[in-house]
Amino acid sequence: MTITTSGAPAGSSAALSQATQVRLSGGKTRRIGRTGFLLQRLTPWFFLAGAVGLLLLFTYWPALNLIYFSLTDWDGIDLDKNFVGLDNFVQVFTDPRIFSVFGVSLYYFVASFAQMAIALYFATILSFSTRFSSLFRGILFFPYLINGVAIGFVFLYLFQPDGTLDTVLSWFGLTDPPLWLGDADVVNMSLAGTSVWRYTGMNFVLFLGAIQSIPHELYEAADLDGASRWQQFWAIIFPGIRRVVGLCFILAISGSLAVFEIPFIMTGGANGSATFVIQTLQTAFTFRQVGLASAMAVVLLVIVLLVTWIQRRIFPDEKVDLT
């Protein structure tokens, strides 16, 4: 496309209406005014401005406010906010009760690897010709579509004493099951198991899409060479989805550090099940220490960003060429 600009002689009224000739494909030309030409050039920026404006308003501006609140002793009610500097951050790093809750994240971290293994197993099987594969794909992905609040209440009834789980276990002779949500030694494993049930579907869809993007000719060549399914997995599938596995690994780390929905709904953080996010909310809205809670949120953000950066340095985003 060729653009040429022509103007009227100086001093004439037509000089105010300069035009632009746009040469289209096929040799045709279209004459548009200077105003229309500028509007065409600026239209993409108008659409971009709306998206960027919303991003600044609802993401970056609240983040700046969060950093500002973390430097004050605001209680969330009073209009006065006294500047205290880095005192809140010092308290975050020196109070053992605050950082001890990161131990709860280890349960969800281990559970995230379990859900990745389960998702990769079923994605590999269902990527090949399998009877009722569409049905099984829907079954595996369906829990991820359910609202987290609904899942929390469903599993709350499942784990209650003499509930569904205890009844099923009694059929197999287990008559004295533990208190799944009342025992501090078991509660985090129960909650982590609930997270595995919910988020396996997300990893399953990611793995399945990555596996199906691998050229089918590679499988045909492997079949001709007599490779088994296990050999095809290690030689074709796993190298082909390595970048997706790295993405799921990053999501697993950040997700295990910021767990909130399941433990908050099912236990409210009781019996040693409080995560860092739950403790941050309790600090802000129960103990009215919004400044300290804001500092905790900033620390969590920095930790997630730091862990993500370390992961990207250890596992760089390399292109995979199976051909």
# chains A, B, ... in the order shown; residues from 1 in each chain; ligands from 1
>>> residues_around(residues="A:Gly268", least_positions_apart="6", cutoff="10 Å", atoms="only C-alpha atoms", output="list in words")
Phe260, Glu261, Ile262, Ala274, Thr275, Ile278, Gln279 and Gln282 of chain A
>>> write_last_selection(atoms="N, CA and C atoms", output="short mmCIF file (atom, residue, chain, number, x, y, z; two decimals), in the first residue's frame")
data_model
loop_
_atom_site.label_atom_id
_atom_site.label_comp_id
_atom_site.auth_asym_id
_atom_site.auth_seq_id
_atom_site.Cartn_x
_atom_site.Cartn_y
_atom_site.Cartn_z
N PHE A 260 -5.80 -19.42 49.05
CA PHE A 260 -6.77 -18.68 49.86
C PHE A 260 -8.13 -19.35 49.93
N GLU A 261 -8.76 -19.60 48.79
CA GLU A 261 -10.17 -19.98 48.73
C GLU A 261 -10.50 -21.19 49.59
N ILE A 262 -9.86 -22.31 49.30
CA ILE A 262 -10.23 -23.58 49.93
C ILE A 262 -10.07 -23.54 51.44
N ALA A 274 -4.06 -21.84 58.46
CA ALA A 274 -4.02 -20.50 57.91
C ALA A 274 -2.84 -20.34 56.97
N THR A 275 -3.09 -19.85 55.79
CA THR A 275 -2.03 -19.54 54.84
C THR A 275 -1.61 -18.08 55.01
N ILE A 278 -4.50 -15.73 54.14
CA ILE A 278 -5.53 -15.69 55.19
C ILE A 278 -5.04 -14.87 56.37
N GLN A 279 -3.79 -15.06 56.75
CA GLN A 279 -3.26 -14.29 57.87
C GLN A 279 -3.20 -12.80 57.53
N GLN A 282 -6.74 -11.50 57.97
CA GLN A 282 -7.07 -11.41 59.40
C GLN A 282 -6.37 -10.22 60.04
#
>>> select_by_dssp(residues="stretch 54-298 of chain A", states="alpha helix (DSSP H)", output="ChimeraX atom specification")
/A:54-55,61-69,87-94,96-99,102-127,133-145,148-159,164-171,187-212,216-224,229-232,238-240,242-257,261-266,276-281,290-298
>>> closest_residue(among="A:Thr267, A:Gln40, A:Ser112, A:Thr35", to="A:Val196", atoms="only C-alpha atoms")
A:Ser112
>>> closest_residue(among="A:Pro161, A:Asp225, A:Phe276, A:Phe264", to="A:Val299", atoms="only C-alpha atoms")
A:Phe276
>>> residues_around(residues="stretch 71-83 of chain A", least_positions_apart="4", cutoff="8 Å", atoms="only C-alpha atoms", output="VMD selection string")
chain A and resid 67 87 to 88 284 288 to 292 295
>>> write_last_selection(atoms="all heavy atoms", output="JSON list (two decimals), in the first residue's frame")
[["chain", "number", "residue", "atom", "x", "y", "z"],
["A", 67, "ILE", "N", 1.48, -0.05, 48.46],
["A", 67, "ILE", "CA", 2.83, 0.30, 48.92],
["A", 67, "ILE", "C", 2.79, 1.49, 49.86],
["A", 67, "ILE", "O", 3.50, 1.53, 50.89],
["A", 67, "ILE", "CB", 3.74, 0.58, 47.70],
["A", 67, "ILE", "CG1", 3.88, -0.69, 46.86],
["A", 67, "ILE", "CG2", 5.10, 1.08, 48.16],
["A", 67, "ILE", "CD1", 4.66, -0.47, 45.57],
["A", 87, "ASP", "N", 8.88, 0.28, 59.47],
["A", 87, "ASP", "CA", 8.60, -0.46, 60.71],
["A", 87, "ASP", "C", 7.73, -1.69, 60.45],
["A", 87, "ASP", "O", 7.93, -2.74, 61.07],
["A", 87, "ASP", "CB", 7.92, 0.46, 61.73],
["A", 87, "ASP", "CG", 8.86, 1.53, 62.26],
["A", 87, "ASP", "OD1", 10.08, 1.42, 62.00],
["A", 87, "ASP", "OD2", 8.39, 2.47, 62.92],
["A", 88, "ASN", "N", 6.76, -1.55, 59.56],
["A", 88, "ASN", "CA", 5.89, -2.71, 59.26],
["A", 88, "ASN", "C", 6.68, -3.84, 58.62],
["A", 88, "ASN", "O", 6.45, -5.02, 58.94],
["A", 88, "ASN", "CB", 4.75, -2.28, 58.34],
["A", 88, "ASN", "CG", 3.76, -1.36, 59.03],
["A", 88, "ASN", "OD1", 3.48, -1.51, 60.21],
["A", 88, "ASN", "ND2", 3.22, -0.41, 58.28],
["A", 284, "ALA", "N", -5.61, -7.45, 58.59],
["A", 284, "ALA", "CA", -6.21, -6.21, 58.10],
["A", 284, "ALA", "C", -7.60, -5.98, 58.65],
["A", 284, "ALA", "O", -7.92, -4.88, 59.13],
["A", 284, "ALA", "CB", -6.23, -6.21, 56.57],
["A", 288, "ARG", "N", -7.42, -4.97, 62.57],
["A", 288, "ARG", "CA", -7.40, -3.57, 62.15],
["A", 288, "ARG", "C", -5.98, -3.01, 62.03],
["A", 288, "ARG", "O", -5.69, -1.89, 62.46],
["A", 288, "ARG", "CB", -8.21, -2.71, 63.14],
["A", 288, "ARG", "CG", -9.68, -3.02, 63.16],
["A", 288, "ARG", "CD", -10.32, -2.71, 61.82],
["A", 288, "ARG", "NE", -11.76, -3.02, 61.82],
["A", 288, "ARG", "CZ", -12.52, -2.92, 60.75],
["A", 288, "ARG", "NH1", -12.00, -2.52, 59.59],
["A", 288, "ARG", "NH2", -13.81, -3.21, 60.81],
["A", 289, "GLN", "N", -5.09, -3.80, 61.42],
["A", 289, "GLN", "CA", -3.72, -3.36, 61.17],
["A", 289, "GLN", "C", -3.50, -3.38, 59.65],
["A", 289, "GLN", "O", -2.78, -4.22, 59.12],
["A", 289, "GLN", "CB", -2.71, -4.26, 61.88],
["A", 289, "GLN", "CG", -2.80, -4.18, 63.40],
["A", 289, "GLN", "CD", -1.82, -5.11, 64.08],
["A", 289, "GLN", "OE1", -1.78, -6.30, 63.76],
["A", 289, "GLN", "NE2", -1.05, -4.58, 65.00],
["A", 290, "VAL", "N", -4.13, -2.44, 58.98],
["A", 290, "VAL", "CA", -4.07, -2.41, 57.52],
["A", 290, "VAL", "C", -2.67, -2.10, 57.04],
["A", 290, "VAL", "O", -2.21, -2.64, 56.01],
["A", 290, "VAL", "CB", -5.07, -1.38, 56.97],
["A", 290, "VAL", "CG1", -4.98, -1.28, 55.46],
["A", 290, "VAL", "CG2", -6.49, -1.73, 57.39],
["A", 291, "GLY", "N", -1.94, -1.26, 57.75],
["A", 291, "GLY", "CA", -0.57, -0.95, 57.35],
["A", 291, "GLY", "C", 0.31, -2.18, 57.38],
["A", 291, "GLY", "O", 1.07, -2.46, 56.44],
["A", 292, "LEU", "N", 0.23, -2.97, 58.48],
["A", 292, "LEU", "CA", 1.02, -4.19, 58.58],
["A", 292, "LEU", "C", 0.58, -5.22, 57.53],
["A", 292, "LEU", "O", 1.41, -5.88, 56.92],
["A", 292, "LEU", "CB", 0.88, -4.77, 59.99],
["A", 292, "LEU", "CG", 1.59, -6.10, 60.25],
["A", 292, "LEU", "CD1", 3.10, -5.96, 60.02],
["A", 292, "LEU", "CD2", 1.31, -6.58, 61.67],
["A", 295, "ALA", "N", 2.01, -4.35, 54.22],
["A", 295, "ALA", "CA", 3.42, -4.74, 54.15],
["A", 295, "ALA", "C", 3.54, -6.25, 53.89],
["A", 295, "ALA", "O", 4.41, -6.68, 53.12],
["A", 295, "ALA", "CB", 4.14, -4.36, 55.43]]
>>> closest_residue(among="A:Val52, A:Ala63, A:Ala258, A:Ile253", to="A:Gln311", atoms="only C-alpha atoms")
A:Ile253
>>> atom_distance(atom1="atom CA of A:Arg137", atom2="atom CA of A:Ile211")
13.9 Å
>>> closest_residue(among="A:Trp45, A:Phe136, A:Leu39, A:Cys248", to="A:Leu206", atoms="only C-alpha atoms")
A:Cys248
